[in-house]
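Below: the structure, in structure tokens.
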Amino acid sequence: MQIEAVKAAYRRYSGIYDAVFGPVLQPGRRALLNVLDLKPGDRVLEVGVGTGISLPLYPRHVRITGIDVSREMLEKARARVARRKLENVEALLEMDAENMAFPDASFDKVVAMYVVSVVAQPARLLEELHRVCKADGEIFIVNHFQSENRFIGAVEKALAGFSSQLGFRPDFALREVLPADQRAEVSRVNLFQKVVRLRNGVSHKL
Ligand SMILES: C[S@@+](CC[C@H](N)C(=O)[O-])C[C@H]1O[C@@H](n2cnc3c(N)ncnc32)[C@H](O)[C@@H]1O
């Protein structure tokens, strides 16, 4: 999806996002938080933070920065942080995750929840996630990935023509963020969603 289409889609979604995508995606957000293995003082970056629906799930002893390209989604996130008094959220910034302003090795953990199938260039996003993550840090992705079931996969392919309207690619394949030669832990949330855990300092060609 091109960035202007993303912005337009999430401008439309912002008012109803939590009602439509809140509960249905919450098991995946929780599953990711369960494997984050956070230590006191860790700096966490969440890209595509959206309305900040995941922010109350983080422990109070970590420092979180969230970024998103959608001003309207970020406004919701800022309101949530104020309402819930989430003092561990250090910053919510309007920024493109494919071209971040952070220096190299800024964060201990880098998180992308339901974003890899939305951005224009997933490979470029992955490069940036690795760049801003510390050498001994980790990257965590949760997403809907194209089904291995032939019937569901065919439905997802048919829906792919509507990606701009949907605001995500329903036929996004795991191999687009995880080439065959890259070592990672992949765990299943349910029939459609998986959590991918990548160690940053580990060579892509182990
Ligand atoms: C499906 S929503 C996920 C929101 C949230 N992470 C959640 O768990 O519900 C995708 C979000 O990614 C944002 N996004 C898409 N492309 C982006 C980019 N290149 N940089 C930063 N955010 C982006 C969208 O604006 C939207 O808020």
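Chain labels follow the order of the structure tokens: the first chain is A, the next B, and so on; residue numbering restarts at 1 in every chain, and ligands are counted from 1 in their shown order.
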
Open item on the list: Which of range 64-106 of chain A end up as strand (DSSP E) when DSSP is run on this backbone - answer as a ChimeraX atom specification?
Closed with: /A:64-68,89-94

- [ ] Name the residues, by chain letter and number, that sit within 7 Å of ligand 1 using only C-alpha atoms and all ligand atoms, and give them as a PyMOL selection string.
- [x] chain A and resi 3+6-7+10+21-22+25+29+47-54+67-70+73+95-98+112-115+118-120+168

TODO: Go ahead and compute the interatomic distance for CA of Leu33 in chain A and CA of Leu166 in chain A, in Å to one decimal.
DONE: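 Result for CA of Leu33 in chain A versus CA of Leu166 in chain A: 25.8 Å, one decimal.
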
Task: Residue nearest Val186 in chain A - candidates A:Leu57, A:Ile152, A:Glu75, A:Asn143, atoms counted: only C-alpha atoms - done: A:Asn143

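You will find CA of Phe151 in chain A at 23.1 Å from CA of Val116 in chain A.
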
Task: Pick from A:Leu129, A:Val62, A:Asp108, A:Pro103, whichever lies nearest to Asn88 in chain A using only C-alpha atoms - done: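 Checking each of A:Leu129, A:Val62, A:Asp108, A:Pro103 against Asn88 in chain A, counting only C-alpha atoms, the winner is A:Val62.
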
Task: Neighbour list for Leu45 in chain A as a list in words, cut-off 7 Å, only C-alpha atoms, skip fewer than 6 positions in-chain - done: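 Once the nearby chain positions are removed, what remains is Ile64, Thr65, Gly66, Phe107, Lys109, Val110 and Val111 of chain A.
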
Keeping only N, CA and C atoms, write the selected residues as a PDB file, in the first residue's frame.
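Contents of selection.pdb, as written:
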```
ATOM      1  N   ILE A  64       8.409   3.579  26.715  1.00  0.00           N
ATOM      2  CA  ILE A  64       7.873   3.269  25.383  1.00  0.00           C
ATOM      3  C   ILE A  64       7.835   4.519  24.500  1.00  0.00           C
ATOM      4  N   THR A  65       8.269   4.337  23.253  1.00  0.00           N
ATOM      5  CA  THR A  65       8.084   5.355  22.215  1.00  0.00           C
ATOM      6  C   THR A  65       7.187   4.731  21.147  1.00  0.00           C
ATOM      7  N   GLY A  66       6.162   5.462  20.726  1.00  0.00           N
ATOM      8  CA  GLY A  66       5.289   4.978  19.657  1.00  0.00           C
ATOM      9  C   GLY A  66       5.364   5.910  18.466  1.00  0.00           C
ATOM     10  N   PHE A 107      17.013   1.233  20.654  1.00  0.00           N
ATOM     11  CA  PHE A 107      15.981   0.553  21.458  1.00  0.00           C
ATOM     12  C   PHE A 107      16.377  -0.891  21.794  1.00  0.00           C
ATOM     13  N   LYS A 109      13.952  -3.263  22.540  1.00  0.00           N
ATOM     14  CA  LYS A 109      12.927  -4.092  21.892  1.00  0.00           C
ATOM     15  C   LYS A 109      12.190  -3.235  20.872  1.00  0.00           C
ATOM     16  N   VAL A 110      11.950  -3.819  19.711  1.00  0.00           N
ATOM     17  CA  VAL A 110      11.231  -3.109  18.651  1.00  0.00           C
ATOM     18  C   VAL A 110      10.017  -3.959  18.267  1.00  0.00           C
ATOM     19  N   VAL A 111       8.849  -3.327  18.271  1.00  0.00           N
ATOM     20  CA  VAL A 111       7.587  -4.055  18.147  1.00  0.00           C
ATOM     21  C   VAL A 111       6.795  -3.532  16.942  1.00  0.00           C
TER      22      VAL A 111
END
```

TODO: Name all residues at most 8 Å from Gln146 in chain A (count only C-alpha atoms; drop same-chain ones fewer than 4 positions away) and give them as a VMD selection string.
DONE: chain A and resid 153 156 170 to 174 192

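As for CA of Glu148 in chain A and CA of Pro23 in chain A, they are spaced 24.1 Å apart.
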
Open item on the list: Residues near Arg197 in chain A, anyone? I mean within 9 Å using only C-alpha atoms, not counting same-chain ones fewer than 5 positions away, as a list in words.
Closed with: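 Once the adjacent positions are removed, what remains is Leu32, Val35, Leu36, Glu138, Ile139, Phe140, Ile141, Val142, Ala184, Glu185, Val186 and Ser187 of chain A.
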
Out of range 8-88 of chain A, which residues get alpha helix (DSSP H) from DSSP, as a compact mmCIF listing (two decimals) with N, CA, C and O atoms, in the first residue's frame?
```
# COMPACT_ATOMS: atom_id res chain seq x y z
N ALA A 8 -4.98 7.81 4.25
CA ALA A 8 -6.41 8.01 3.98
C ALA A 8 -7.24 6.91 4.67
O ALA A 8 -8.27 7.20 5.29
N ALA A 9 -6.75 5.67 4.60
CA ALA A 9 -7.50 4.56 5.21
C ALA A 9 -7.61 4.75 6.71
O ALA A 9 -8.69 4.60 7.30
N TYR A 10 -6.50 5.11 7.36
CA TYR A 10 -6.52 5.20 8.83
C TYR A 10 -7.12 6.52 9.32
O TYR A 10 -7.57 6.59 10.47
N ARG A 11 -7.20 7.51 8.43
CA ARG A 11 -7.99 8.72 8.77
C ARG A 11 -9.45 8.30 8.90
O ARG A 11 -10.14 8.66 9.84
N ARG A 12 -9.90 7.45 7.94
CA ARG A 12 -11.29 6.99 7.97
C ARG A 12 -11.54 6.08 9.17
O ARG A 12 -12.58 6.13 9.81
N TYR A 13 -10.56 5.21 9.47
CA TYR A 13 -10.74 4.21 10.53
C TYR A 13 -10.68 4.80 11.95
O TYR A 13 -11.19 4.18 12.89
N TYR A 17 -11.78 2.52 14.93
CA TYR A 17 -10.75 1.47 14.93
C TYR A 17 -10.85 0.56 16.16
O TYR A 17 -10.83 -0.67 16.04
N ASP A 18 -10.96 1.16 17.33
CA ASP A 18 -10.94 0.34 18.56
C ASP A 18 -12.14 -0.60 18.61
O ASP A 18 -12.02 -1.73 19.08
N ALA A 19 -13.28 -0.13 18.13
CA ALA A 19 -14.48 -0.98 18.16
C ALA A 19 -14.35 -2.12 17.15
O ALA A 19 -14.70 -3.27 17.43
N VAL A 20 -13.79 -1.82 15.97
CA VAL A 20 -13.73 -2.84 14.90
C VAL A 20 -12.54 -3.79 15.08
O VAL A 20 -12.68 -5.00 14.94
N PHE A 21 -11.35 -3.22 15.39
CA PHE A 21 -10.13 -4.04 15.45
C PHE A 21 -9.58 -4.19 16.87
O PHE A 21 -8.50 -4.74 17.05
N GLY A 22 -10.30 -3.70 17.85
CA GLY A 22 -9.81 -3.80 19.24
C GLY A 22 -9.83 -5.24 19.72
O GLY A 22 -8.79 -5.92 19.74
N PRO A 23 -11.00 -5.76 20.08
CA PRO A 23 -11.07 -7.12 20.65
C PRO A 23 -10.55 -8.20 19.70
O PRO A 23 -9.87 -9.13 20.14
N VAL A 24 -10.82 -8.08 18.39
CA VAL A 24 -10.48 -9.16 17.47
C VAL A 24 -8.95 -9.37 17.36
O VAL A 24 -8.49 -10.50 17.16
N LEU A 25 -8.18 -8.29 17.53
CA LEU A 25 -6.72 -8.42 17.43
C LEU A 25 -6.03 -8.48 18.80
O LEU A 25 -4.81 -8.64 18.88
N GLN A 26 -6.83 -8.38 19.87
CA GLN A 26 -6.22 -8.31 21.21
C GLN A 26 -5.48 -9.61 21.59
O GLN A 26 -4.42 -9.51 22.23
N PRO A 27 -5.95 -10.80 21.21
CA PRO A 27 -5.17 -12.00 21.56
C PRO A 27 -3.74 -11.95 21.00
O PRO A 27 -2.80 -12.39 21.66
N GLY A 28 -3.57 -11.40 19.81
CA GLY A 28 -2.24 -11.30 19.22
C GLY A 28 -1.37 -10.30 19.95
O GLY A 28 -0.18 -10.53 20.17
N ARG A 29 -1.98 -9.17 20.33
CA ARG A 29 -1.21 -8.17 21.08
C ARG A 29 -0.75 -8.76 22.40
O ARG A 29 0.39 -8.60 22.82
N ARG A 30 -1.65 -9.47 23.08
CA ARG A 30 -1.30 -10.08 24.37
C ARG A 30 -0.23 -11.16 24.19
O ARG A 30 0.69 -11.28 24.99
N ALA A 31 -0.36 -11.96 23.13
CA ALA A 31 0.62 -13.02 22.88
C ALA A 31 2.01 -12.42 22.67
O ALA A 31 3.02 -12.94 23.16
N LEU A 32 2.07 -11.29 21.96
CA LEU A 32 3.36 -10.64 21.74
C LEU A 32 3.93 -10.13 23.07
O LEU A 32 5.10 -10.34 23.38
N LEU A 33 3.07 -9.47 23.85
CA LEU A 33 3.54 -8.95 25.15
C LEU A 33 4.06 -10.08 26.03
O LEU A 33 5.04 -9.91 26.75
N ASN A 34 3.44 -11.26 25.94
CA ASN A 34 3.85 -12.39 26.78
C ASN A 34 5.26 -12.87 26.48
O ASN A 34 5.90 -13.45 27.34
N VAL A 35 5.73 -12.67 25.25
CA VAL A 35 7.08 -13.15 24.91
C VAL A 35 8.11 -12.01 24.87
O VAL A 35 9.29 -12.25 24.57
N ARG A 71 -1.92 10.95 11.63
CA ARG A 71 -2.12 11.97 12.69
C ARG A 71 -3.37 11.66 13.49
O ARG A 71 -3.39 11.78 14.71
N GLU A 72 -4.42 11.21 12.80
CA GLU A 72 -5.71 10.98 13.47
C GLU A 72 -5.61 9.80 14.44
O GLU A 72 -6.18 9.85 15.53
N MET A 73 -4.89 8.74 14.04
CA MET A 73 -4.71 7.59 14.94
C MET A 73 -3.87 8.02 16.15
O MET A 73 -4.17 7.65 17.30
N LEU A 74 -2.83 8.83 15.91
CA LEU A 74 -1.98 9.29 17.01
C LEU A 74 -2.74 10.15 18.00
O LEU A 74 -2.48 10.11 19.21
N GLU A 75 -3.69 10.95 17.49
CA GLU A 75 -4.50 11.78 18.41
C GLU A 75 -5.24 10.90 19.40
O GLU A 75 -5.34 11.20 20.59
N LYS A 76 -5.76 9.77 18.90
CA LYS A 76 -6.46 8.82 19.79
C LYS A 76 -5.47 8.24 20.80
O LYS A 76 -5.82 8.05 21.97
N ALA A 77 -4.26 7.94 20.33
CA ALA A 77 -3.26 7.36 21.24
C ALA A 77 -2.89 8.36 22.33
O ALA A 77 -2.77 8.00 23.51
N ARG A 78 -2.74 9.62 21.95
CA ARG A 78 -2.38 10.65 22.95
C ARG A 78 -3.49 10.80 23.98
O ARG A 78 -3.22 10.94 25.18
N ALA A 79 -4.73 10.76 23.52
CA ALA A 79 -5.87 10.88 24.45
C ALA A 79 -5.88 9.68 25.40
O ALA A 79 -6.15 9.83 26.60
N ARG A 80 -5.56 8.50 24.88
CA ARG A 80 -5.54 7.30 25.74
C ARG A 80 -4.46 7.41 26.81
O ARG A 80 -4.67 7.08 27.98
N VAL A 81 -3.28 7.88 26.38
CA VAL A 81 -2.16 8.00 27.33
C VAL A 81 -2.53 8.97 28.46
O VAL A 81 -2.27 8.69 29.64
N ALA A 82 -3.19 10.08 28.09
CA ALA A 82 -3.59 11.06 29.12
C ALA A 82 -4.67 10.46 30.02
O ALA A 82 -4.58 10.54 31.26
N ARG A 83 -5.66 9.83 29.40
CA ARG A 83 -6.80 9.28 30.15
C ARG A 83 -6.35 8.19 31.12
O ARG A 83 -6.76 8.14 32.26
N ARG A 84 -5.43 7.31 30.63
CA ARG A 84 -4.99 6.16 31.44
C ARG A 84 -3.75 6.49 32.29
O ARG A 84 -3.22 5.62 32.96
```

Open item on the list: Nearest residue to Gln121 in chain A out of A:Lys85, A:Val177, A:Ala135, A:Met100, using only C-alpha atoms?
Closed with: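 The closest residue to Gln121 in chain A is A:Val177.
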